[in-house]
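Structure file coords-v8.pdb (PDB, N, CA and C atoms) is printed below.
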```pdb
ATOM      1  N   MET A   1      -0.155 198.463 141.280
ATOM      2  CA  MET A   1      -1.277 198.894 140.467
ATOM      3  C   MET A   1      -1.588 197.820 139.441
ATOM      4  N   ASN A   2      -2.809 197.395 139.425
ATOM      5  CA  ASN A   2      -3.223 196.360 138.495
ATOM      6  C   ASN A   2      -4.400 196.802 137.632
ATOM      7  N   GLY A   3      -4.681 198.084 137.598
ATOM      8  CA  GLY A   3      -5.847 198.559 136.877
ATOM      9  C   GLY A   3      -5.671 198.544 135.375
ATOM     10  N   THR A   4      -6.771 198.264 134.697
ATOM     11  CA  THR A   4      -6.806 198.339 133.242
ATOM     12  C   THR A   4      -8.055 199.105 132.823
ATOM     13  N   VAL A   5      -8.040 199.577 131.599
ATOM     14  CA  VAL A   5      -9.185 200.288 131.036
ATOM     15  C   VAL A   5      -9.539 199.641 129.710
ATOM     16  N   THR A   6     -10.834 199.443 129.493
ATOM     17  CA  THR A   6     -11.352 198.953 128.220
ATOM     18  C   THR A   6     -12.429 199.924 127.769
ATOM     19  N   TRP A   7     -12.345 200.413 126.544
ATOM     20  CA  TRP A   7     -13.359 201.300 125.998
ATOM     21  C   TRP A   7     -14.288 200.494 125.098
ATOM     22  N   PHE A   8     -15.586 200.854 125.088
ATOM     23  CA  PHE A   8     -16.594 200.214 124.245
ATOM     24  C   PHE A   8     -17.346 201.286 123.471
ATOM     25  N   ASP A   9     -17.740 200.971 122.249
ATOM     26  CA  ASP A   9     -18.591 201.843 121.447
ATOM     27  C   ASP A   9     -20.003 201.265 121.543
ATOM     28  N   ASN A  10     -20.962 202.083 121.966
ATOM     29  CA  ASN A  10     -22.334 201.596 122.131
ATOM     30  C   ASN A  10     -23.096 201.496 120.824
ATOM     31  N   GLY A  11     -22.407 201.695 119.702
ATOM     32  CA  GLY A  11     -23.037 201.517 118.399
ATOM     33  C   GLY A  11     -23.619 202.767 117.800
ATOM     34  N   CYS A  12     -23.495 203.905 118.479
ATOM     35  CA  CYS A  12     -24.067 205.146 117.944
ATOM     36  C   CYS A  12     -23.308 205.653 116.729
ATOM     37  N   SER A  13     -21.989 205.611 116.787
ATOM     38  CA  SER A  13     -21.164 206.065 115.669
ATOM     39  C   SER A  13     -19.726 205.673 115.967
ATOM     40  N   PRO A  14     -18.813 205.868 115.033
ATOM     41  CA  PRO A  14     -17.418 205.540 115.337
ATOM     42  C   PRO A  14     -16.855 206.512 116.376
ATOM     43  N   HIS A  15     -16.010 205.968 117.248
ATOM     44  CA  HIS A  15     -15.340 206.767 118.265
ATOM     45  C   HIS A  15     -13.876 206.347 118.322
ATOM     46  N   THR A  16     -13.015 207.265 118.783
ATOM     47  CA  THR A  16     -11.612 206.955 119.004
ATOM     48  C   THR A  16     -11.188 207.564 120.335
ATOM     49  N   VAL A  17     -10.081 207.057 120.870
ATOM     50  CA  VAL A  17      -9.490 207.610 122.087
ATOM     51  C   VAL A  17      -8.252 208.385 121.669
ATOM     52  N   LEU A  18      -8.233 209.676 121.980
ATOM     53  CA  LEU A  18      -7.121 210.540 121.619
ATOM     54  C   LEU A  18      -6.585 211.187 122.890
ATOM     55  N   SER A  19      -5.329 210.901 123.210
ATOM     56  CA  SER A  19      -4.708 211.392 124.426
ATOM     57  C   SER A  19      -4.604 212.906 124.446
ATOM     58  N   GLN A  20      -4.820 213.460 125.626
ATOM     59  CA  GLN A  20      -4.587 214.881 125.854
ATOM     60  C   GLN A  20      -3.358 215.087 126.734
ATOM     61  N   ASN A  21      -2.671 214.003 127.099
ATOM     62  CA  ASN A  21      -1.511 214.069 127.983
ATOM     63  C   ASN A  21      -0.248 213.595 127.273
ATOM     64  N   LEU A  22      -0.101 213.874 126.022
ATOM     65  CA  LEU A  22       1.101 213.425 125.333
ATOM     66  C   LEU A  22       2.316 214.081 125.967
ATOM     67  N   PRO A  23       3.429 213.403 126.168
ATOM     68  CA  PRO A  23       3.695 212.059 125.690
ATOM     69  C   PRO A  23       3.256 210.949 126.640
ATOM     70  N   GLY A  24       2.578 211.259 127.741
ATOM     71  CA  GLY A  24       2.207 210.256 128.730
ATOM     72  C   GLY A  24       1.587 208.994 128.170
ATOM     73  N   PHE A  25       0.559 209.130 127.358
ATOM     74  CA  PHE A  25      -0.111 207.958 126.811
ATOM     75  C   PHE A  25       0.776 207.173 125.854
ATOM     76  N   THR A  26       1.724 207.826 125.205
ATOM     77  CA  THR A  26       2.534 207.130 124.211
ATOM     78  C   THR A  26       3.551 206.200 124.842
ATOM     79  N   ASN A  27       3.677 206.238 126.163
ATOM     80  CA  ASN A  27       4.593 205.332 126.845
ATOM     81  C   ASN A  27       3.979 203.955 127.085
ATOM     82  N   TRP A  28       2.707 203.781 126.834
ATOM     83  CA  TRP A  28       2.055 202.493 127.025
ATOM     84  C   TRP A  28       2.346 201.581 125.840
ATOM     85  N   PRO A  29       2.169 200.273 126.010
ATOM     86  CA  PRO A  29       2.421 199.351 124.898
ATOM     87  C   PRO A  29       1.596 199.683 123.663
ATOM     88  N   THR A  30       0.382 200.163 123.842
ATOM     89  CA  THR A  30      -0.457 200.568 122.721
ATOM     90  C   THR A  30      -0.674 202.067 122.820
ATOM     91  N   PRO A  31      -0.026 202.868 122.006
ATOM     92  CA  PRO A  31      -0.223 204.317 122.087
ATOM     93  C   PRO A  31      -1.673 204.690 121.849
ATOM     94  N   LEU A  32      -2.158 205.652 122.600
ATOM     95  CA  LEU A  32      -3.548 206.073 122.464
ATOM     96  C   LEU A  32      -3.620 207.347 121.633
ATOM     97  N   ASN A  33      -3.194 207.241 120.423
ATOM     98  CA  ASN A  33      -3.252 208.356 119.493
ATOM     99  C   ASN A  33      -4.289 208.032 118.436
ATOM    100  N   ASN A  34      -5.559 208.250 118.786
ATOM    101  CA  ASN A  34      -6.702 207.923 117.942
ATOM    102  C   ASN A  34      -6.947 206.422 117.870
ATOM    103  N   LEU A  35      -6.836 205.753 119.004
ATOM    104  CA  LEU A  35      -7.151 204.328 119.120
ATOM    105  C   LEU A  35      -8.613 204.107 118.759
ATOM    106  N   ALA A  36      -8.892 203.275 117.753
ATOM    107  CA  ALA A  36     -10.270 202.984 117.358
ATOM    108  C   ALA A  36     -10.968 202.188 118.452
ATOM    109  N   VAL A  37     -12.243 202.528 118.697
ATOM    110  CA  VAL A  37     -13.026 201.855 119.728
ATOM    111  C   VAL A  37     -14.116 201.022 119.051
ATOM    112  N   PRO A  38     -13.945 199.701 118.989
ATOM    113  CA  PRO A  38     -14.955 198.857 118.380
ATOM    114  C   PRO A  38     -16.106 198.566 119.350
ATOM    115  N   ALA A  39     -17.235 198.125 118.820
ATOM    116  CA  ALA A  39     -18.380 197.787 119.666
ATOM    117  C   ALA A  39     -18.025 196.702 120.672
ATOM    118  N   ALA A  40     -17.196 195.742 120.276
ATOM    119  CA  ALA A  40     -16.810 194.646 121.161
ATOM    120  C   ALA A  40     -15.810 195.097 122.225
ATOM    121  N   GLY A  41     -15.274 196.298 122.079
ATOM    122  CA  GLY A  41     -14.345 196.839 123.068
ATOM    123  C   GLY A  41     -12.894 196.737 122.629
ATOM    124  N   THR A  42     -12.088 197.610 123.202
ATOM    125  CA  THR A  42     -10.654 197.571 122.954
ATOM    126  C   THR A  42     -10.037 196.469 123.807
ATOM    127  N   GLN A  43      -8.811 196.159 123.550
ATOM    128  CA  GLN A  43      -8.081 195.281 124.446
ATOM    129  C   GLN A  43      -7.949 196.011 125.781
ATOM    130  N   PRO A  44      -7.985 195.288 126.908
ATOM    131  CA  PRO A  44      -7.758 195.965 128.193
ATOM    132  C   PRO A  44      -6.347 196.562 128.210
ATOM    133  N   LEU A  45      -6.263 197.838 128.490
ATOM    134  CA  LEU A  45      -4.975 198.523 128.489
ATOM    135  C   LEU A  45      -4.564 198.855 129.917
ATOM    136  N   PRO A  46      -3.365 198.443 130.317
ATOM    137  CA  PRO A  46      -2.910 198.741 131.674
ATOM    138  C   PRO A  46      -2.465 200.193 131.801
ATOM    139  N   PHE A  47      -2.654 200.748 132.972
ATOM    140  CA  PHE A  47      -2.162 202.081 133.283
ATOM    141  C   PHE A  47      -1.213 201.942 134.472
ATOM    142  N   PRO A  48       0.076 201.662 134.188
ATOM    143  CA  PRO A  48       1.038 201.358 135.242
ATOM    144  C   PRO A  48       1.704 202.589 135.860
ATOM    145  N   GLN A  49       1.225 203.765 135.537
ATOM    146  CA  GLN A  49       1.852 204.990 136.016
ATOM    147  C   GLN A  49       0.813 205.820 136.762
ATOM    148  N   VAL A  50       1.166 206.322 137.940
ATOM    149  CA  VAL A  50       0.272 207.164 138.730
ATOM    150  C   VAL A  50       0.085 208.500 138.027
ATOM    151  N   GLY A  51      -1.148 209.002 138.013
ATOM    152  CA  GLY A  51      -1.409 210.318 137.430
ATOM    153  C   GLY A  51      -2.826 210.417 136.907
ATOM    154  N   ASP A  52      -3.154 211.554 136.365
ATOM    155  CA  ASP A  52      -4.444 211.805 135.728
ATOM    156  C   ASP A  52      -4.202 211.879 134.231
ATOM    157  N   PHE A  53      -4.959 211.096 133.489
ATOM    158  CA  PHE A  53      -4.744 210.980 132.052
ATOM    159  C   PHE A  53      -6.046 211.324 131.320
ATOM    160  N   ALA A  54      -6.043 212.494 130.688
ATOM    161  CA  ALA A  54      -7.233 212.976 130.003
ATOM    162  C   ALA A  54      -7.230 212.495 128.553
ATOM    163  N   TYR A  55      -8.424 212.260 128.038
ATOM    164  CA  TYR A  55      -8.572 211.873 126.636
ATOM    165  C   TYR A  55      -9.876 212.420 126.107
ATOM    166  N   ILE A  56      -9.952 212.497 124.777
ATOM    167  CA  ILE A  56     -11.172 212.919 124.103
ATOM    168  C   ILE A  56     -11.486 211.907 123.009
ATOM    169  N   CYS A  57     -12.675 212.010 122.457
ATOM    170  CA  CYS A  57     -13.015 211.258 121.263
ATOM    171  C   CYS A  57     -12.390 212.013 120.091
ATOM    172  N   GLY A  58     -11.505 211.348 119.355
ATOM    173  CA  GLY A  58     -10.844 211.982 118.223
ATOM    174  C   GLY A  58     -11.797 212.326 117.094
ATOM    175  N   VAL A  59     -12.948 211.676 117.043
ATOM    176  CA  VAL A  59     -13.936 211.940 115.991
ATOM    177  C   VAL A  59     -14.809 213.137 116.361
ATOM    178  N   HIS A  60     -15.263 213.184 117.612
ATOM    179  CA  HIS A  60     -16.247 214.180 118.031
ATOM    180  C   HIS A  60     -15.672 215.344 118.833
ATOM    181  N   GLY A  61     -14.460 215.196 119.339
ATOM    182  CA  GLY A  61     -13.848 216.266 120.111
ATOM    183  C   GLY A  61     -14.373 216.356 121.530
ATOM    184  N   GLY A  62     -13.721 217.168 122.295
ATOM    185  CA  GLY A  62     -14.098 217.383 123.677
ATOM    186  C   GLY A  62     -13.068 218.236 124.368
ATOM    187  N   ASP A  63     -13.393 218.648 125.590
ATOM    188  CA  ASP A  63     -12.498 219.482 126.375
ATOM    189  C   ASP A  63     -12.562 219.037 127.831
ATOM    190  N   PRO A  64     -11.585 218.234 128.286
ATOM    191  CA  PRO A  64     -11.598 217.786 129.683
ATOM    192  C   PRO A  64     -11.559 218.945 130.673
ATOM    193  N   ALA A  65     -10.810 219.997 130.366
ATOM    194  CA  ALA A  65     -10.724 221.132 131.293
ATOM    195  C   ALA A  65     -12.067 221.857 131.398
ATOM    196  N   GLY A  66     -12.734 222.036 130.262
ATOM    197  CA  GLY A  66     -14.024 222.712 130.241
ATOM    198  C   GLY A  66     -15.203 221.796 130.525
ATOM    199  N   LYS A  67     -14.928 220.508 130.602
ATOM    200  CA  LYS A  67     -15.959 219.488 130.854
ATOM    201  C   LYS A  67     -17.086 219.559 129.831
ATOM    202  N   THR A  68     -16.680 219.633 128.550
ATOM    203  CA  THR A  68     -17.656 219.652 127.472
ATOM    204  C   THR A  68     -17.295 218.603 126.430
ATOM    205  N   GLY A  69     -18.271 218.184 125.657
ATOM    206  CA  GLY A  69     -18.038 217.228 124.579
ATOM    207  C   GLY A  69     -17.771 215.831 125.098
ATOM    208  N   MET A  70     -17.095 215.035 124.279
ATOM    209  CA  MET A  70     -16.810 213.640 124.619
ATOM    210  C   MET A  70     -15.387 213.551 125.152
ATOM    211  N   TYR A  71     -15.268 213.404 126.468
ATOM    212  CA  TYR A  71     -13.966 213.364 127.113
ATOM    213  C   TYR A  71     -14.013 212.404 128.296
ATOM    214  N   GLY A  72     -12.860 212.081 128.803
ATOM    215  CA  GLY A  72     -12.747 211.302 130.026
ATOM    216  C   GLY A  72     -11.420 211.571 130.673
ATOM    217  N   ILE A  73     -11.346 211.273 131.955
ATOM    218  CA  ILE A  73     -10.087 211.387 132.695
ATOM    219  C   ILE A  73      -9.913 210.119 133.512
ATOM    220  N   ILE A  74      -8.786 209.471 133.311
ATOM    221  CA  ILE A  74      -8.462 208.261 134.061
ATOM    222  C   ILE A  74      -7.570 208.681 135.222
ATOM    223  N   HIS A  75      -8.028 208.393 136.444
ATOM    224  CA  HIS A  75      -7.263 208.724 137.656
ATOM    225  C   HIS A  75      -6.580 207.453 138.139
ATOM    226  N   VAL A  76      -5.264 207.412 138.074
ATOM    227  CA  VAL A  76      -4.498 206.251 138.528
ATOM    228  C   VAL A  76      -3.847 206.610 139.854
ATOM    229  N   VAL A  77      -4.172 205.830 140.879
ATOM    230  CA  VAL A  77      -3.623 206.062 142.219
ATOM    231  C   VAL A  77      -2.781 204.866 142.639
ATOM    232  N   PRO A  78      -1.837 205.076 143.559
ATOM    233  CA  PRO A  78      -0.999 203.948 143.992
ATOM    234  C   PRO A  78      -1.802 202.900 144.756
TER     235      PRO A  78
END
```
Let me see the structure of the file written as structure tokens.
Amino acid sequence: MNGTVTWFDNGCSPHTVLSQNLPGFTNWPTPLNNLAVPAAGTQPLPFPQVGDFAYICGVHGGDPAGKTGMYGIIHVVP
């Protein structure tokens, strides 16, 4: 697996990445516990573990299960 993820803020307002799969996200070199998302983008973050990793915007909230608000799910496959 060589996939990475980079988040970008389109300039509308501040956004953060907040893991919904703790402790899963905290095992990465950069924990995703309200990671700030700058307009220029975050550093590319590797996802070296197979699984589905849900996150929300820590500023605006969201619900990956309900598919509402600001959320995302990263699907990592072998």
Practice task
Identify, on the basis of all atoms listed in the file, every residue whose closest approach to A:Val5 does not exceed 7 Å; exclude the query and any residue fewer than 3 positions from it along the same chain; express the result as an MDAnalysis selection string.
Solution key: chainID A and resid 42:47
Next, the residues of the selection above should be written as a short mmCIF file (atom, residue, chain, number, x, y, z; two decimals), in the coordinates of the input with N, CA and C atoms.
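again_18.cif was written with the following content:
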```
data_model
loop_
_atom_site.label_atom_id
_atom_site.label_comp_id
_atom_site.auth_asym_id
_atom_site.auth_seq_id
_atom_site.Cartn_x
_atom_site.Cartn_y
_atom_site.Cartn_z
N THR A 42 -12.09 197.61 123.20
CA THR A 42 -10.65 197.57 122.95
C THR A 42 -10.04 196.47 123.81
N GLN A 43 -8.81 196.16 123.55
CA GLN A 43 -8.08 195.28 124.45
C GLN A 43 -7.95 196.01 125.78
N PRO A 44 -7.98 195.29 126.91
CA PRO A 44 -7.76 195.96 128.19
C PRO A 44 -6.35 196.56 128.21
N LEU A 45 -6.26 197.84 128.49
CA LEU A 45 -4.97 198.52 128.49
C LEU A 45 -4.56 198.86 129.92
N PRO A 46 -3.36 198.44 130.32
CA PRO A 46 -2.91 198.74 131.67
C PRO A 46 -2.46 200.19 131.80
N PHE A 47 -2.65 200.75 132.97
CA PHE A 47 -2.16 202.08 133.28
C PHE A 47 -1.21 201.94 134.47
#
```
Problem - Residues selected by the PyMOL selection byres ((chain A and resi 59) around 7), written as JSON, numbers by chain - result: {"A": [14, 15, 16, 17, 56, 57, 58, 60, 61]}
Problem - Test item: the PyMOL selection byres ((chain A and resi 74) around 6) resolved as JSON, numbers by chain - result: {"A": [51, 52, 53, 54, 55, 72, 73, 75, 76]}
Problem - Nearest to A:Gly62 by atom-to-atom distance, counting only C-alpha atoms, from A:Ser19, A:Gly3, A:Pro48, A:Asp9 - result: A:Ser19
Applying the PyMOL selection byres (((chain A and resi 7 and name CA) around 6) and name CA) to the file I just gave you, which residues come out? Please list them as a PDB file with N, CA and C atoms, keeping the file's coordinate frame.
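Contents of result-v3.pdb, freshly written:
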```pdb
ATOM      1  N   THR A   6     -10.834 199.443 129.493  1.00  0.00           N
ATOM      2  CA  THR A   6     -11.352 198.953 128.220  1.00  0.00           C
ATOM      3  C   THR A   6     -12.429 199.924 127.769  1.00  0.00           C
ATOM      4  N   PHE A   8     -15.586 200.854 125.088  1.00  0.00           N
ATOM      5  CA  PHE A   8     -16.594 200.214 124.245  1.00  0.00           C
ATOM      6  C   PHE A   8     -17.346 201.286 123.471  1.00  0.00           C
ATOM      7  N   GLY A  41     -15.274 196.298 122.079  1.00  0.00           N
ATOM      8  CA  GLY A  41     -14.345 196.839 123.068  1.00  0.00           C
ATOM      9  C   GLY A  41     -12.894 196.737 122.629  1.00  0.00           C
ATOM     10  N   THR A  42     -12.088 197.610 123.202  1.00  0.00           N
ATOM     11  CA  THR A  42     -10.654 197.571 122.954  1.00  0.00           C
ATOM     12  C   THR A  42     -10.037 196.469 123.807  1.00  0.00           C
TER      13      THR A  42
END
```
Practice task
Measure the distance from atom C of A:Gln49 to atom C of A:Pro78 in Å and round it to one decimal.
Solution key: 8.9 Å
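Between atom N of A:Ala40 and atom C of A:Val77 there is a distance of 28.1 Å.
A straight line drawn from atom N of A:Gly66 to atom C of A:Ala39 is 27.6 Å long.
Closest approach to A:Met70 among A:Thr4, A:Gly11, A:Ala36, A:Leu18 is made by A:Leu18 (distances from only C-alpha atoms).
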Exercise for the section: Would you return as a PyMOL selection string the members of chain A that DSSP assigns to strand (DSSP E or B) on this structure's backbone? Expected result: chain A and resi 4-5+15-19+33-37+45-46+51-57+62-63+68-69+71-76
